[in-house]
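Student: The structure's right below; bear with me while I get my questions together.
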Amino acid sequence: MTLTKDWWKEKAPGVLAPLGLAGLTAAFYWKVLWGGAIFALVDASRFFYPFWKWGSVLWREGRLPLWNPDAQFGTPYFADPQMAAAYPPVGILYSLLPPTDAFAALVVLHHFWALLGFWVLARHEGFKVPAALLGALAFGFSLHVVCSSWTPVALLTISWIPWIFWAAQRLWERWAGAWLWLSVFWALQTAAGYPVLSYLTGLALSAHLAWKSMGTRPWRLRAEAWHWVFPFGAAVGLALLYNLAWGLPFWELKRLSDYAPGAALAHPLGFKDFATWLAPFFQGHPASADYHGASWVGFYYMGLPAAALLVWGFWKAVFLRTSPWLFGLLVVLSLGETLYLASGLKAFLPGYSLVIRSGFWMALVVLFAARLIMEASENFFRKEFRKGPFLFSWAAAWLLVYALGLGLGGWEVTWAWALSLLLGLLAAAPGWFTLAWRWFFLLLSLMVSLGPAASSVNLLMDRSYYDQAPLSGADLDRPGRLFLSPLLWQKAQRLQGADWKQAYQGAKEAWVPDWPLAFGHEEAEVYNSLYLSGPDNWIWASLSFSPQKSRAALDYLNVRYLVGPNHFRGLQPVGPGIFENPSAFPKWFSVRRAFAASGLAADFEKAAKPSWNYGTDCFVENPAWAGDYEPRKVVEIRRSPQELELGAEGKGKALLVSSETAYPGWKARIEGKSGQLQVVNHVFRGIVLQPGEDRVTLSYEPASFRLGLFGALTALFIWTLGFFRRRFT
């Protein structure tokens with residue numbers, strides 16, 4: 001190919017712009033790529049990094065992480081959508097890279113993927129190169145998208161939204177095979193870890209396609225324009241079929257977890273959050289100690305030039321490609337219960353009750369806003385918009401937006417806003433500058449206004465924050481679980497410190513959940529996880545009696561280390577605020593007596609009596625197994641996350657009990673033959689051995705996963721067949 005003058009003029013911008021987006025992404029994350037920094041804010045460090053690092057061990061061994069025995073006495077891993085275990089990039093990157101590098105790569109690559117996806121969408125819809133670049137920057141570096149690194153699965157999920165809209169546009173245009181691309185992108189978005197965002201993407205996309213199908217006269221429904229409905233439904237069905245691999249195990253987990261109370265909560269945005277369109281830190285900056293905003297879902301800010309273009313576009317009614325009505329609806333939905341619309345949707349729209357944060361709509365709000373921004377910018381540069389009245393309206397819109405922004409409190413870097421305003425006004429000077437220069441001024445105006453704000457919320461820590469174990473844990477070298485005292489658990493709900501870095505460092509040193517998982521320890525509690533309600537209820541019920549009985553419960557639960565202030569006797573200090581329990585039981589042992597279980601509260605009343613001993617007594621769900629048993633010496637022969645082999649030497653009938661969660665999918669084999677697991681002490685696993693039986697193997701083999709995996713493999717087969725036929729026909 002000859003690089004002629006015409007090629008540089010007509011083709012080069014379209015080729016070089018994606019490279020420019022890659023360069024901007026690299027420049028934005030230069031501290032992560034080359035400066036030894038890492039993402040740490042909110043759930044990035046307090047949840048995702050520890051859990052994903054735990055799963056990386058199995059990924060590198062080429063195994064699927066189905067069960068995590070180190071968190072909350074054992075809990076499903078693959079079934080939790082936030083683990084993104086069915087999302088290929090997570091498994092691939094954690095198989096190839098060290099955990100910290102994999103974690104950083106997931107965020108950086110998906111941020112670029114979001115930018116590239118919007119660029120591809122804009123160019124496919126016919127927007128010019130500078131307009132497409134403007135929209136990609138406004139969308140990709142909006143504060144909402146940048147702050148999504150605080151909850152990495154949100155960024156992973158958001159990054160697929162432009163690609164889904166691109167595939168849907170191809171579908172609406174009757175491109176052959178578009179439904180296959182739509183199904184693949186939607187399947188990956190749903191598997192990326194935040195399925196509620198995938199659900200909202202579907203609602204917004206359906207409304208968008210319906211609007212396009214109605215044409216300029218909504219009351220005249222054109223039947224031929226609704227050709228997309230059936231392939232759209234097929235794409236959704238195929239995407240769901242792939243996600244059965246984690247979806248069916250999740251459905252099993254959901255009914256045994258704390259999910260219902262959490263889903264019943266509502267977290268609407270308010271009118272103060274709405275002010276962030278113009279003043280991004282109207283409620284304070286996330287790095288400040290007194291910040292009380294709505295985390296990553298509470299920022300509308302896309303740069304003041306973007307807001308000015310929206311105001312000007314609505315003023316002049318220039319929007320034809322994108323529905324401003326849909327944009328307005330999304331803005332209203334993002335406020336949720338504040339405008340009383342969400343409660344009505346929950347009453348009749350299936351699944352909408354799961355949208356506990358109205359701000360989950362924010363990614364779609366900024367997507368549609370960016371589309372309107374592109375359309376407004378292209379209309380402004382049309383010849384008929386170069387006359388005096390249009391230039392006046394442009395200047396008026398810009399001055400109004402900047403004045404309101406400053407009036408609402410503005411931002412600290414006022415020089416950046418002043419320069420941005422000047423550049424925006426220069427873009428409206430056709431007699432002074434060429435069209436290329438005016439586009440350049442507009443793009444630079446957005447970058448000057450948006451860049452400093454976006455950089456300021458890209459809050460990073462040194463990589464040693466993840467790579468170095470807490471200094472307080474130097475002597476935690478014995479097997480057993482870590483448990484936070486109730487007093488420390490209450491304090492851990494809200495980070496405290498002179499600044500945000502000190503607060504996060506303090507949380508790590510205090511071993512708050514889920515830090516133990518990041519450094520090879522087991523933890524009795526978990527934070528922000530889809531945790532099982534049974535063991536959680538058992539823990540707190542066991543601590544509601546006398547100190548002596550609560551202390552005995554810690555022994556039974558295999559709690560080796562207690563972190564935080566407490567009043568228990570017999571604990572030995574091993575570090576600042578950390579105490580070792582020398583009498584912790586092993587995870588498996590045998591008992592002498594079993595009693596038929598009744599209610600949890602009633603049985604704890606029985607266990608509170610002086611005669612009760614967790615080392616010799618237990619409750620069983622099946623009354624047929626109540627009675628006396630012979631003691632055995634129980635040893636662990638072999639253990640892996642999803643399999644356990646026990647030896648139990650002794651004579652007579654024995655009952656082995658544990659402090660490991662009883663959960664559907666666990667199978668037992670006694671001397672190579674199928675055995676029956678029992679539920680002991682309401683929520684834990686146990687098994688009965690007959691005389692002569694002394695070898696037990698337990699393995700996690702959930703039928704829900706096997707059935708879901710069959711669905712996923714079926715989806716992969718359909719995709720392979722579909723794309724193969726498209727390639728060779």
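Residue names in the structure tokens use chain letters A, B, ... in the order shown, residue numbers from 1 in each chain, and ligand numbers from 1 in the order shown.
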Hey, what's within 12 Å of A:Ser674 if we count only C-alpha atoms and toss same-chain stuff fewer than 2 positions away? As a PDB file with all heavy atoms, in the first residue's frame, please?

Tutor:
```pdb
ATOM      1  N   TRP A 666     -21.305 -31.567  47.602  1.00  0.00           N
ATOM      2  CA  TRP A 666     -20.230 -32.327  48.235  1.00  0.00           C
ATOM      3  C   TRP A 666     -20.606 -33.809  48.279  1.00  0.00           C
ATOM      4  O   TRP A 666     -21.700 -34.165  48.715  1.00  0.00           O
ATOM      5  CB  TRP A 666     -19.954 -31.817  49.646  1.00  0.00           C
ATOM      6  CG  TRP A 666     -19.023 -30.640  49.637  1.00  0.00           C
ATOM      7  CD1 TRP A 666     -19.362 -29.335  49.693  1.00  0.00           C
ATOM      8  CD2 TRP A 666     -17.596 -30.691  49.530  1.00  0.00           C
ATOM      9  NE1 TRP A 666     -18.243 -28.541  49.633  1.00  0.00           N
ATOM     10  CE2 TRP A 666     -17.135 -29.354  49.539  1.00  0.00           C
ATOM     11  CE3 TRP A 666     -16.664 -31.724  49.430  1.00  0.00           C
ATOM     12  CZ2 TRP A 666     -15.788 -29.028  49.451  1.00  0.00           C
ATOM     13  CZ3 TRP A 666     -15.315 -31.395  49.346  1.00  0.00           C
ATOM     14  CH2 TRP A 666     -14.886 -30.075  49.355  1.00  0.00           C
ATOM     15  N   LYS A 667     -19.706 -34.656  47.792  1.00  0.00           N
ATOM     16  CA  LYS A 667     -19.927 -36.099  47.731  1.00  0.00           C
ATOM     17  C   LYS A 667     -18.915 -36.800  48.638  1.00  0.00           C
ATOM     18  O   LYS A 667     -17.801 -36.324  48.848  1.00  0.00           O
ATOM     19  CB  LYS A 667     -19.773 -36.616  46.295  1.00  0.00           C
ATOM     20  CG  LYS A 667     -20.593 -35.857  45.254  1.00  0.00           C
ATOM     21  CD  LYS A 667     -22.080 -36.031  45.472  1.00  0.00           C
ATOM     22  CE  LYS A 667     -22.869 -35.312  44.374  1.00  0.00           C
ATOM     23  NZ  LYS A 667     -24.334 -35.412  44.604  1.00  0.00           N
ATOM     24  N   ALA A 668     -19.333 -37.948  49.149  1.00  0.00           N
ATOM     25  CA  ALA A 668     -18.461 -38.742  50.028  1.00  0.00           C
ATOM     26  C   ALA A 668     -18.291 -40.138  49.469  1.00  0.00           C
ATOM     27  O   ALA A 668     -19.239 -40.738  48.944  1.00  0.00           O
ATOM     28  CB  ALA A 668     -19.047 -38.808  51.433  1.00  0.00           C
ATOM     29  N   ARG A 669     -17.063 -40.646  49.586  1.00  0.00           N
ATOM     30  CA  ARG A 669     -16.774 -42.039  49.238  1.00  0.00           C
ATOM     31  C   ARG A 669     -16.042 -42.669  50.430  1.00  0.00           C
ATOM     32  O   ARG A 669     -15.021 -42.150  50.868  1.00  0.00           O
ATOM     33  CB  ARG A 669     -15.943 -42.132  47.966  1.00  0.00           C
ATOM     34  CG  ARG A 669     -16.705 -41.683  46.719  1.00  0.00           C
ATOM     35  CD  ARG A 669     -15.818 -41.696  45.475  1.00  0.00           C
ATOM     36  NE  ARG A 669     -16.550 -41.278  44.292  1.00  0.00           N
ATOM     37  CZ  ARG A 669     -16.768 -40.007  43.949  1.00  0.00           C
ATOM     38  NH1 ARG A 669     -16.291 -39.027  44.715  1.00  0.00           N
ATOM     39  NH2 ARG A 669     -17.454 -39.714  42.870  1.00  0.00           N
ATOM     40  N   ILE A 670     -16.611 -43.758  50.919  1.00  0.00           N
ATOM     41  CA  ILE A 670     -16.045 -44.461  52.067  1.00  0.00           C
ATOM     42  C   ILE A 670     -15.469 -45.775  51.568  1.00  0.00           C
ATOM     43  O   ILE A 670     -16.201 -46.610  51.018  1.00  0.00           O
ATOM     44  CB  ILE A 670     -17.125 -44.720  53.133  1.00  0.00           C
ATOM     45  CG1 ILE A 670     -17.759 -43.393  53.579  1.00  0.00           C
ATOM     46  CG2 ILE A 670     -16.526 -45.445  54.328  1.00  0.00           C
ATOM     47  CD1 ILE A 670     -18.930 -43.568  54.512  1.00  0.00           C
ATOM     48  N   GLU A 671     -14.166 -45.913  51.716  1.00  0.00           N
ATOM     49  CA  GLU A 671     -13.481 -47.109  51.212  1.00  0.00           C
ATOM     50  C   GLU A 671     -13.796 -47.333  49.732  1.00  0.00           C
ATOM     51  O   GLU A 671     -13.992 -48.456  49.270  1.00  0.00           O
ATOM     52  CB  GLU A 671     -13.889 -48.335  52.029  1.00  0.00           C
ATOM     53  CG  GLU A 671     -13.601 -48.231  53.514  1.00  0.00           C
ATOM     54  CD  GLU A 671     -12.110 -48.190  53.808  1.00  0.00           C
ATOM     55  OE1 GLU A 671     -11.303 -48.505  52.923  1.00  0.00           O
ATOM     56  OE2 GLU A 671     -11.758 -47.825  54.949  1.00  0.00           O
ATOM     57  N   GLY A 672     -13.877 -46.200  48.975  1.00  0.00           N
ATOM     58  CA  GLY A 672     -14.123 -46.275  47.541  1.00  0.00           C
ATOM     59  C   GLY A 672     -15.577 -46.403  47.150  1.00  0.00           C
ATOM     60  O   GLY A 672     -15.892 -46.358  45.955  1.00  0.00           O
ATOM     61  N   GLN A 676     -22.823 -41.223  52.589  1.00  0.00           N
ATOM     62  CA  GLN A 676     -23.828 -40.182  52.794  1.00  0.00           C
ATOM     63  C   GLN A 676     -23.322 -39.168  53.811  1.00  0.00           C
ATOM     64  O   GLN A 676     -23.073 -39.504  54.962  1.00  0.00           O
ATOM     65  CB  GLN A 676     -25.150 -40.787  53.283  1.00  0.00           C
ATOM     66  CG  GLN A 676     -26.265 -39.768  53.425  1.00  0.00           C
ATOM     67  CD  GLN A 676     -27.564 -40.398  53.886  1.00  0.00           C
ATOM     68  OE1 GLN A 676     -27.635 -41.602  54.111  1.00  0.00           O
ATOM     69  NE2 GLN A 676     -28.598 -39.586  54.034  1.00  0.00           N
ATOM     70  N   LEU A 677     -23.180 -37.914  53.355  1.00  0.00           N
ATOM     71  CA  LEU A 677     -22.776 -36.844  54.255  1.00  0.00           C
ATOM     72  C   LEU A 677     -23.949 -36.420  55.134  1.00  0.00           C
ATOM     73  O   LEU A 677     -25.104 -36.463  54.717  1.00  0.00           O
ATOM     74  CB  LEU A 677     -22.266 -35.646  53.466  1.00  0.00           C
ATOM     75  CG  LEU A 677     -20.853 -35.767  52.876  1.00  0.00           C
ATOM     76  CD1 LEU A 677     -20.586 -34.649  51.893  1.00  0.00           C
ATOM     77  CD2 LEU A 677     -19.813 -35.755  53.992  1.00  0.00           C
ATOM     78  N   ILE A 687     -19.958 -37.145  58.803  1.00  0.00           N
ATOM     79  CA  ILE A 687     -20.172 -38.426  58.133  1.00  0.00           C
ATOM     80  C   ILE A 687     -20.027 -39.551  59.153  1.00  0.00           C
ATOM     81  O   ILE A 687     -19.206 -39.466  60.091  1.00  0.00           O
ATOM     82  CB  ILE A 687     -19.194 -38.619  56.954  1.00  0.00           C
ATOM     83  CG1 ILE A 687     -19.616 -39.808  56.108  1.00  0.00           C
ATOM     84  CG2 ILE A 687     -17.746 -38.742  57.434  1.00  0.00           C
ATOM     85  CD1 ILE A 687     -18.929 -39.863  54.759  1.00  0.00           C
ATOM     86  N   LEU A 689     -19.120 -43.463  60.029  1.00  0.00           N
ATOM     87  CA  LEU A 689     -18.337 -44.615  59.588  1.00  0.00           C
ATOM     88  C   LEU A 689     -18.775 -45.842  60.376  1.00  0.00           C
ATOM     89  O   LEU A 689     -18.925 -45.802  61.598  1.00  0.00           O
ATOM     90  CB  LEU A 689     -16.846 -44.373  59.815  1.00  0.00           C
ATOM     91  CG  LEU A 689     -16.208 -43.183  59.083  1.00  0.00           C
ATOM     92  CD1 LEU A 689     -14.714 -43.127  59.381  1.00  0.00           C
ATOM     93  CD2 LEU A 689     -16.449 -43.255  57.596  1.00  0.00           C
ATOM     94  N   ARG A 695     -11.380 -44.967  55.903  1.00  0.00           N
ATOM     95  CA  ARG A 695     -10.852 -44.079  54.856  1.00  0.00           C
ATOM     96  C   ARG A 695     -12.023 -43.383  54.152  1.00  0.00           C
ATOM     97  O   ARG A 695     -12.938 -44.043  53.651  1.00  0.00           O
ATOM     98  CB  ARG A 695     -10.024 -44.872  53.847  1.00  0.00           C
ATOM     99  CG  ARG A 695      -9.270 -44.009  52.840  1.00  0.00           C
ATOM    100  CD  ARG A 695      -8.198 -43.160  53.499  1.00  0.00           C
ATOM    101  NE  ARG A 695      -7.181 -43.960  54.139  1.00  0.00           N
ATOM    102  CZ  ARG A 695      -6.047 -44.357  53.549  1.00  0.00           C
ATOM    103  NH1 ARG A 695      -5.825 -44.034  52.291  1.00  0.00           N
ATOM    104  NH2 ARG A 695      -5.158 -45.062  54.222  1.00  0.00           N
ATOM    105  N   VAL A 696     -12.004 -42.052  54.141  1.00  0.00           N
ATOM    106  CA  VAL A 696     -13.088 -41.250  53.553  1.00  0.00           C
ATOM    107  C   VAL A 696     -12.490 -40.245  52.570  1.00  0.00           C
ATOM    108  O   VAL A 696     -11.476 -39.600  52.873  1.00  0.00           O
ATOM    109  CB  VAL A 696     -13.875 -40.483  54.636  1.00  0.00           C
ATOM    110  CG1 VAL A 696     -15.037 -39.724  54.010  1.00  0.00           C
ATOM    111  CG2 VAL A 696     -14.361 -41.414  55.713  1.00  0.00           C
ATOM    112  N   THR A 697     -13.128 -40.101  51.424  1.00  0.00           N
ATOM    113  CA  THR A 697     -12.754 -39.073  50.450  1.00  0.00           C
ATOM    114  C   THR A 697     -13.964 -38.178  50.194  1.00  0.00           C
ATOM    115  O   THR A 697     -15.049 -38.673  49.878  1.00  0.00           O
ATOM    116  CB  THR A 697     -12.287 -39.688  49.125  1.00  0.00           C
ATOM    117  OG1 THR A 697     -11.161 -40.526  49.371  1.00  0.00           O
ATOM    118  CG2 THR A 697     -11.891 -38.600  48.142  1.00  0.00           C
ATOM    119  N   LEU A 698     -13.777 -36.887  50.355  1.00  0.00           N
ATOM    120  CA  LEU A 698     -14.825 -35.906  50.083  1.00  0.00           C
ATOM    121  C   LEU A 698     -14.425 -35.078  48.870  1.00  0.00           C
ATOM    122  O   LEU A 698     -13.264 -34.659  48.751  1.00  0.00           O
ATOM    123  CB  LEU A 698     -15.030 -34.981  51.285  1.00  0.00           C
ATOM    124  CG  LEU A 698     -15.276 -35.641  52.646  1.00  0.00           C
ATOM    125  CD1 LEU A 698     -15.383 -34.574  53.727  1.00  0.00           C
ATOM    126  CD2 LEU A 698     -16.530 -36.475  52.610  1.00  0.00           C
ATOM    127  N   SER A 699     -15.353 -34.829  47.980  1.00  0.00           N
ATOM    128  CA  SER A 699     -15.057 -34.042  46.777  1.00  0.00           C
ATOM    129  C   SER A 699     -16.261 -33.185  46.425  1.00  0.00           C
ATOM    130  O   SER A 699     -17.413 -33.572  46.659  1.00  0.00           O
ATOM    131  CB  SER A 699     -14.695 -34.948  45.597  1.00  0.00           C
ATOM    132  OG  SER A 699     -15.737 -35.877  45.336  1.00  0.00           O
TER     133      SER A 699
END
```

Student: Env of A:Phe39: 7 Å cut, atoms = only C-alpha atoms, seq-sep filter 6 positions within chain, self excluded. Answer as a list in words.

Tutor: Leu459, Leu460 and Met461 of chain A

Student: Please return as an NGL selection string: the residues of stretch 400-622 of chain A that backbone DSSP assigns to helix (DSSP H, G or I).

Tutor: :A and (400-407 or 414-426 or 435-456 or 464-467 or 471-473 or 486-492 or 500-509 or 515-518 or 533-542 or 547-556 or 600-607)

Student: Atom CA of A:Ser393 and atom CA of A:Ala427 are how many Å apart?

Tutor: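 Calculated distance between atom CA of A:Ser393 and atom CA of A:Ala427 is 13.3 Å.
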
Student: For stretch 94-103 of chain A, list every protein, DNA or RNA residue within 12 Å, evaluated using only C-alpha atoms, and leave out those in the same chain fewer than 3 positions away; present the list as a JSON list (two decimals) with C-alpha atoms, in the first residue's frame.

Tutor:
```json
[["chain", "number", "residue", "atom", "x", "y", "z"],
["A", 32, "VAL", "CA", 0.56, 1.46, 36.88],
["A", 33, "LEU", "CA", 2.46, 0.36, 33.77],
["A", 34, "TRP", "CA", 5.89, 1.71, 34.68],
["A", 36, "GLY", "CA", 5.11, 0.55, 40.41],
["A", 37, "ALA", "CA", 1.56, 1.61, 41.34],
["A", 38, "ILE", "CA", -1.64, -0.43, 41.63],
["A", 39, "PHE", "CA", -5.39, 0.09, 42.03],
["A", 40, "ALA", "CA", -6.49, -0.07, 45.65],
["A", 44, "ALA", "CA", -10.43, -3.27, 44.50],
["A", 45, "SER", "CA", -8.25, -4.03, 47.52],
["A", 48, "PHE", "CA", -11.42, -8.39, 44.45],
["A", 49, "TYR", "CA", -7.64, -8.54, 44.74],
["A", 50, "PRO", "CA", -7.63, -11.03, 47.67],
["A", 51, "PHE", "CA", -10.27, -13.32, 46.15],
["A", 52, "TRP", "CA", -8.84, -13.25, 42.64],
["A", 53, "LYS", "CA", -5.33, -13.84, 43.97],
["A", 54, "TRP", "CA", -6.64, -16.88, 45.85],
["A", 55, "GLY", "CA", -8.17, -18.20, 42.63],
["A", 56, "SER", "CA", -4.96, -17.57, 40.68],
["A", 57, "VAL", "CA", -3.33, -20.60, 42.31],
["A", 58, "LEU", "CA", -5.87, -22.90, 40.70],
["A", 59, "TRP", "CA", -5.83, -21.03, 37.39],
["A", 60, "ARG", "CA", -2.06, -21.55, 37.12],
["A", 61, "GLU", "CA", -2.57, -25.25, 37.84],
["A", 62, "GLY", "CA", -5.06, -25.44, 34.97],
["A", 63, "ARG", "CA", -8.05, -26.11, 37.26],
["A", 64, "LEU", "CA", -11.36, -24.34, 37.60],
["A", 84, "ALA", "CA", -15.79, -13.72, 37.06],
["A", 85, "ALA", "CA", -14.57, -17.32, 36.87],
["A", 87, "TYR", "CA", -14.98, -14.81, 32.04],
["A", 88, "PRO", "CA", -12.01, -15.97, 29.90],
["A", 89, "PRO", "CA", -9.72, -12.92, 30.36],
["A", 90, "VAL", "CA", -9.61, -13.48, 34.14],
["A", 91, "GLY", "CA", -8.52, -17.09, 33.87],
["A", 106, "LEU", "CA", -7.42, -6.47, 33.64],
["A", 107, "VAL", "CA", -8.17, -2.85, 34.52],
["A", 108, "VAL", "CA", -5.91, -1.17, 31.96],
["A", 109, "LEU", "CA", -6.84, -3.43, 29.04],
["A", 110, "HIS", "CA", -10.57, -3.17, 29.71],
["A", 149, "SER", "CA", -11.59, 0.61, 38.61],
["A", 150, "TRP", "CA", -12.57, 0.87, 42.29],
["A", 151, "THR", "CA", -14.94, -2.07, 41.59],
["A", 152, "PRO", "CA", -13.06, -3.83, 38.78],
["A", 153, "VAL", "CA", -15.90, -6.10, 37.63],
["A", 156, "LEU", "CA", -15.00, -5.17, 32.93],
["A", 461, "MET", "CA", -1.03, 2.70, 45.99],
["A", 462, "ASP", "CA", 2.49, 1.35, 45.68],
["A", 463, "ARG", "CA", 2.53, -2.30, 44.57],
["A", 464, "SER", "CA", 4.14, -3.28, 47.84],
["A", 465, "TYR", "CA", 0.67, -2.74, 49.30],
["A", 466, "TYR", "CA", -0.29, -6.04, 47.66],
["A", 467, "ASP", "CA", 3.04, -7.81, 47.47],
["A", 468, "GLN", "CA", 4.17, -7.42, 51.10],
["A", 518, "ALA", "CA", -4.23, -12.57, 49.91],
["A", 519, "PHE", "CA", -1.46, -13.93, 52.12]]
```

Student: Each residue of stretch 305-324 of chain A lying at most 12 Å from stretch 433-445 of chain A should get a row with its shortest atom-to-atom pair and the distance in Å to one decimal, counting only C-alpha atoms; could you produce that, ordered by chain and increasing number, as a Markdown table?

Tutor:
```
| residue | atom | partner | partner_atom | distance |
| --- | --- | --- | --- | --- |
| A:Pro305 | CA | A:Ser445 | CA | 6.7 |
| A:Ala306 | CA | A:Ser445 | CA | 9.6 |
| A:Ala308 | CA | A:Ser445 | CA | 11.2 |
| A:Leu309 | CA | A:Leu442 | CA | 10.3 |
```

Student: Based on the selection just made, write N, CA, C and O atoms of those residues as a PDB file, in the first residue's frame.

Tutor:
```
ATOM      1  N   PRO A 305     -16.933  20.878  28.631  1.00  0.00           N
ATOM      2  CA  PRO A 305     -17.286  20.976  27.208  1.00  0.00           C
ATOM      3  C   PRO A 305     -18.385  19.992  26.807  1.00  0.00           C
ATOM      4  O   PRO A 305     -19.241  20.321  25.978  1.00  0.00           O
ATOM      5  N   ALA A 306     -18.372  18.809  27.394  1.00  0.00           N
ATOM      6  CA  ALA A 306     -19.433  17.842  27.094  1.00  0.00           C
ATOM      7  C   ALA A 306     -20.776  18.385  27.560  1.00  0.00           C
ATOM      8  O   ALA A 306     -21.786  18.292  26.846  1.00  0.00           O
ATOM      9  N   ALA A 308     -21.562  21.534  27.963  1.00  0.00           N
ATOM     10  CA  ALA A 308     -21.903  22.676  27.112  1.00  0.00           C
ATOM     11  C   ALA A 308     -22.467  22.211  25.776  1.00  0.00           C
ATOM     12  O   ALA A 308     -23.428  22.803  25.254  1.00  0.00           O
ATOM     13  N   LEU A 309     -21.897  21.169  25.198  1.00  0.00           N
ATOM     14  CA  LEU A 309     -22.411  20.634  23.939  1.00  0.00           C
ATOM     15  C   LEU A 309     -23.817  20.079  24.110  1.00  0.00           C
ATOM     16  O   LEU A 309     -24.669  20.216  23.221  1.00  0.00           O
TER      17      LEU A 309
END
```

Student: So, counting only C-alpha atoms, which residue among A:Trp417, A:Phe274, A:Trp588, A:Phe78 is closest to A:Ala245?

Tutor: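 Using only C-alpha atoms, A:Ala245 sits closest to A:Phe78.
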
Student: Which of these residues is nearest to A:Trp246, using only C-alpha atoms: A:Gln82, A:Val15, A:Leu646, A:Val129?

Tutor: A:Gln82

Student: Would you list the contacts of A:Leu240 as number ranges by chain, taking every protein, DNA or RNA residue within 10 Å and counting only C-alpha atoms, but skipping same-chain residues closer than 6 positions in sequence?

Tutor: A: 183, 186-187, 190-191, 234, 247, 711-712, 715

Student: Once you have the residues from the selection above, write them out as a PDB file, in the first residue's frame, restricted to N, CA and C atoms.

Tutor:
```pdb
ATOM      1  N   SER A 183     -24.500 -12.020  20.467  1.00  0.00           N
ATOM      2  CA  SER A 183     -24.584 -13.044  21.517  1.00  0.00           C
ATOM      3  C   SER A 183     -23.242 -13.248  22.212  1.00  0.00           C
ATOM      4  N   TRP A 186     -22.545 -10.165  24.435  1.00  0.00           N
ATOM      5  CA  TRP A 186     -23.431 -10.143  25.587  1.00  0.00           C
ATOM      6  C   TRP A 186     -23.096 -11.251  26.575  1.00  0.00           C
ATOM      7  N   ALA A 187     -22.698 -12.401  26.044  1.00  0.00           N
ATOM      8  CA  ALA A 187     -22.288 -13.492  26.933  1.00  0.00           C
ATOM      9  C   ALA A 187     -21.073 -13.094  27.753  1.00  0.00           C
ATOM     10  N   THR A 190     -22.007 -10.502  30.435  1.00  0.00           N
ATOM     11  CA  THR A 190     -22.731 -11.103  31.550  1.00  0.00           C
ATOM     12  C   THR A 190     -21.797 -11.900  32.448  1.00  0.00           C
ATOM     13  N   ALA A 191     -20.785 -12.521  31.849  1.00  0.00           N
ATOM     14  CA  ALA A 191     -19.835 -13.317  32.626  1.00  0.00           C
ATOM     15  C   ALA A 191     -18.782 -12.471  33.322  1.00  0.00           C
ATOM     16  N   ALA A 234     -32.745 -14.414  20.000  1.00  0.00           N
ATOM     17  CA  ALA A 234     -31.854 -15.570  19.871  1.00  0.00           C
ATOM     18  C   ALA A 234     -30.479 -15.265  20.454  1.00  0.00           C
ATOM     19  N   GLY A 247     -24.345 -19.523  36.183  1.00  0.00           N
ATOM     20  CA  GLY A 247     -25.688 -19.095  36.538  1.00  0.00           C
ATOM     21  C   GLY A 247     -26.452 -20.115  37.363  1.00  0.00           C
ATOM     22  N   GLY A 711     -24.558 -26.503  29.122  1.00  0.00           N
ATOM     23  CA  GLY A 711     -25.144 -25.375  28.402  1.00  0.00           C
ATOM     24  C   GLY A 711     -24.085 -24.486  27.786  1.00  0.00           C
ATOM     25  N   ALA A 712     -23.008 -24.210  28.530  1.00  0.00           N
ATOM     26  CA  ALA A 712     -21.940 -23.364  28.013  1.00  0.00           C
ATOM     27  C   ALA A 712     -21.247 -24.003  26.817  1.00  0.00           C
ATOM     28  N   ALA A 715     -23.379 -23.624  23.808  1.00  0.00           N
ATOM     29  CA  ALA A 715     -23.254 -22.285  23.238  1.00  0.00           C
ATOM     30  C   ALA A 715     -21.963 -22.146  22.433  1.00  0.00           C
TER      31      ALA A 715
END
```

Student: Rounded to one decimal in Å, what is the spacing between atom CA of A:Phe710 and atom CA of A:Thr661?

Tutor: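 Calculated distance between atom CA of A:Phe710 and atom CA of A:Thr661 is 26.6 Å.
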
Student: Which one of A:Ala178, A:Leu367, A:Leu121, A:Ala503 sits closest to A:Trp719 if you count only C-alpha atoms?

Tutor: A:Ala178

Student: For atom CA of A:Arg170 and atom CA of A:Leu182, determine how far apart the two atoms are, in Å to one decimal place.

Tutor: 9.0 Å

Student: Tell me which protein, DNA and RNA residues are within 7 Å of A:Trp119, counting only C-alpha atoms, leaving out same-chain ones fewer than 6 positions away, and put them as a CSV table (one decimal) with N, CA and C atoms, in the first residue's frame.

Tutor:
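The resulting file, result18.csv, is shown below:
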```csv
chain,number,residue,atom,x,y,z
A,132,ALA,N,-15.9,11.2,16.6
A,132,ALA,CA,-15.8,9.9,17.2
A,132,ALA,C,-14.8,9.9,18.3
A,133,LEU,N,-13.7,10.6,18.1
A,133,LEU,CA,-12.6,10.7,19.1
A,133,LEU,C,-13.2,11.5,20.3
A,136,ALA,N,-15.5,9.2,22.3
A,136,ALA,CA,-14.7,8.2,23.0
A,136,ALA,C,-14.0,8.7,24.2
```

Student: In terms of the shortest atom-to-atom distance over only C-alpha atoms, which of A:Met302, A:Glu605, A:Phe165, A:Phe595 is closest to A:Trp625?

Tutor: A:Phe595

Student: Between A:Thr276, A:Gln690, A:Ser295, A:Ser377, which has the minimum distance to A:Trp394 (counting only C-alpha atoms)?

Tutor: A:Ser377
